[in-house]
Amino acid sequence: FDLPCLSCRLGDIRLVFNTVPAPLLTQAMLRSLRDCAIVELAAGRENIPPPEGRGVTLTFAHSLPGKIVPKSAGQIIARTLDQTMQKEG
């Protein structure tokens with residue numbers, strides 16, 4: 001994923017799901033968003049600062065998949081880890 005390219009396209013984005021438990025979007029990047037909903041799924045601390053953009057909403061849903069469908073979420077994580085480990089040897 002090309003994160004620098006993301007900055008150029010933020011004005012076109014209407015929905016963001018953050019699953020990365022680290023700050024990726026800066027306040028300057030968030031100001032580029034317009035009429036956008038952000039859903040923070042990453043567990044732990046808040047990784048996205050409160051947005052100052054026009055029409056931007058931020059909803060915290062930390063660990064939602066694991067809370068709502070823990071068995072399915074666990075199976076998906078296990079499958080992904082297995083595929084990643086097989087690719088990397």
# chains A, B, ... in the order shown; residues from 1 in each chain; ligands from 1
>>> residues_around(residues="range 56-71 of chain A", least_positions_apart="5", cutoff="7 Å", atoms="only C-alpha atoms", output="PyMOL selection string")
chain A and resi 33-43+51
>>> write_last_selection(atoms="N, CA and C atoms", output="short mmCIF file (atom, residue, chain, number, x, y, z; two decimals), in the first residue's frame")
data_model
loop_
_atom_site.label_atom_id
_atom_site.label_comp_id
_atom_site.auth_asym_id
_atom_site.auth_seq_id
_atom_site.Cartn_x
_atom_site.Cartn_y
_atom_site.Cartn_z
N LEU A 33 -10.03 15.52 4.31
CA LEU A 33 -11.25 14.74 4.14
C LEU A 33 -12.47 15.65 4.12
N ARG A 34 -13.46 15.29 3.33
CA ARG A 34 -14.72 16.02 3.26
C ARG A 34 -15.86 15.01 3.24
N ASP A 35 -16.87 15.24 4.07
CA ASP A 35 -18.04 14.35 4.09
C ASP A 35 -17.62 12.89 4.17
N CYS A 36 -16.89 12.56 5.19
CA CYS A 36 -16.30 11.23 5.34
C CYS A 36 -16.60 10.67 6.73
N ALA A 37 -16.83 9.38 6.78
CA ALA A 37 -17.00 8.68 8.05
C ALA A 37 -15.75 7.83 8.29
N ILE A 38 -15.23 7.91 9.51
CA ILE A 38 -14.06 7.11 9.89
C ILE A 38 -14.50 6.16 10.99
N VAL A 39 -14.18 4.89 10.83
CA VAL A 39 -14.47 3.89 11.84
C VAL A 39 -13.14 3.36 12.34
N GLU A 40 -12.86 3.58 13.62
CA GLU A 40 -11.61 3.14 14.25
C GLU A 40 -11.83 1.77 14.85
N LEU A 41 -11.28 0.73 14.19
CA LEU A 41 -11.43 -0.65 14.65
C LEU A 41 -10.23 -1.15 15.45
N ALA A 42 -9.11 -0.51 15.29
CA ALA A 42 -7.88 -0.97 15.95
C ALA A 42 -8.02 -0.90 17.47
N ALA A 43 -7.57 -1.95 18.11
CA ALA A 43 -7.64 -2.01 19.57
C ALA A 43 -6.59 -1.11 20.19
N PRO A 51 -11.02 14.48 14.17
CA PRO A 51 -10.91 15.16 12.87
C PRO A 51 -11.44 16.58 12.92
#
>>> select_by_dssp(residues="chain A", states="alpha helix (DSSP H)", output="count of residues only")
36
>>> select_by_dssp(residues="range 49-86 of chain A", states="strand (DSSP E)", output="ChimeraX atom specification")
/A:56-60
>>> write_last_selection(atoms="N, CA and C atoms", output="PDB file, in the first residue's frame")
ATOM      1  N   VAL A  56     -16.710  15.432   8.728  1.00  0.00           N
ATOM      2  CA  VAL A  56     -15.999  14.197   9.058  1.00  0.00           C
ATOM      3  C   VAL A  56     -16.443  13.707  10.431  1.00  0.00           C
ATOM      4  N   THR A  57     -16.852  12.444  10.493  1.00  0.00           N
ATOM      5  CA  THR A  57     -17.241  11.851  11.764  1.00  0.00           C
ATOM      6  C   THR A  57     -16.288  10.715  12.100  1.00  0.00           C
ATOM      7  N   LEU A  58     -16.058  10.517  13.382  1.00  0.00           N
ATOM      8  CA  LEU A  58     -15.156   9.467  13.866  1.00  0.00           C
ATOM      9  C   LEU A  58     -15.920   8.609  14.862  1.00  0.00           C
ATOM     10  N   THR A  59     -15.977   7.309  14.584  1.00  0.00           N
ATOM     11  CA  THR A  59     -16.651   6.368  15.459  1.00  0.00           C
ATOM     12  C   THR A  59     -15.634   5.359  15.965  1.00  0.00           C
ATOM     13  N   PHE A  60     -15.576   5.200  17.287  1.00  0.00           N
ATOM     14  CA  PHE A  60     -14.663   4.226  17.879  1.00  0.00           C
ATOM     15  C   PHE A  60     -15.401   2.899  18.037  1.00  0.00           C
TER      16      PHE A  60
END
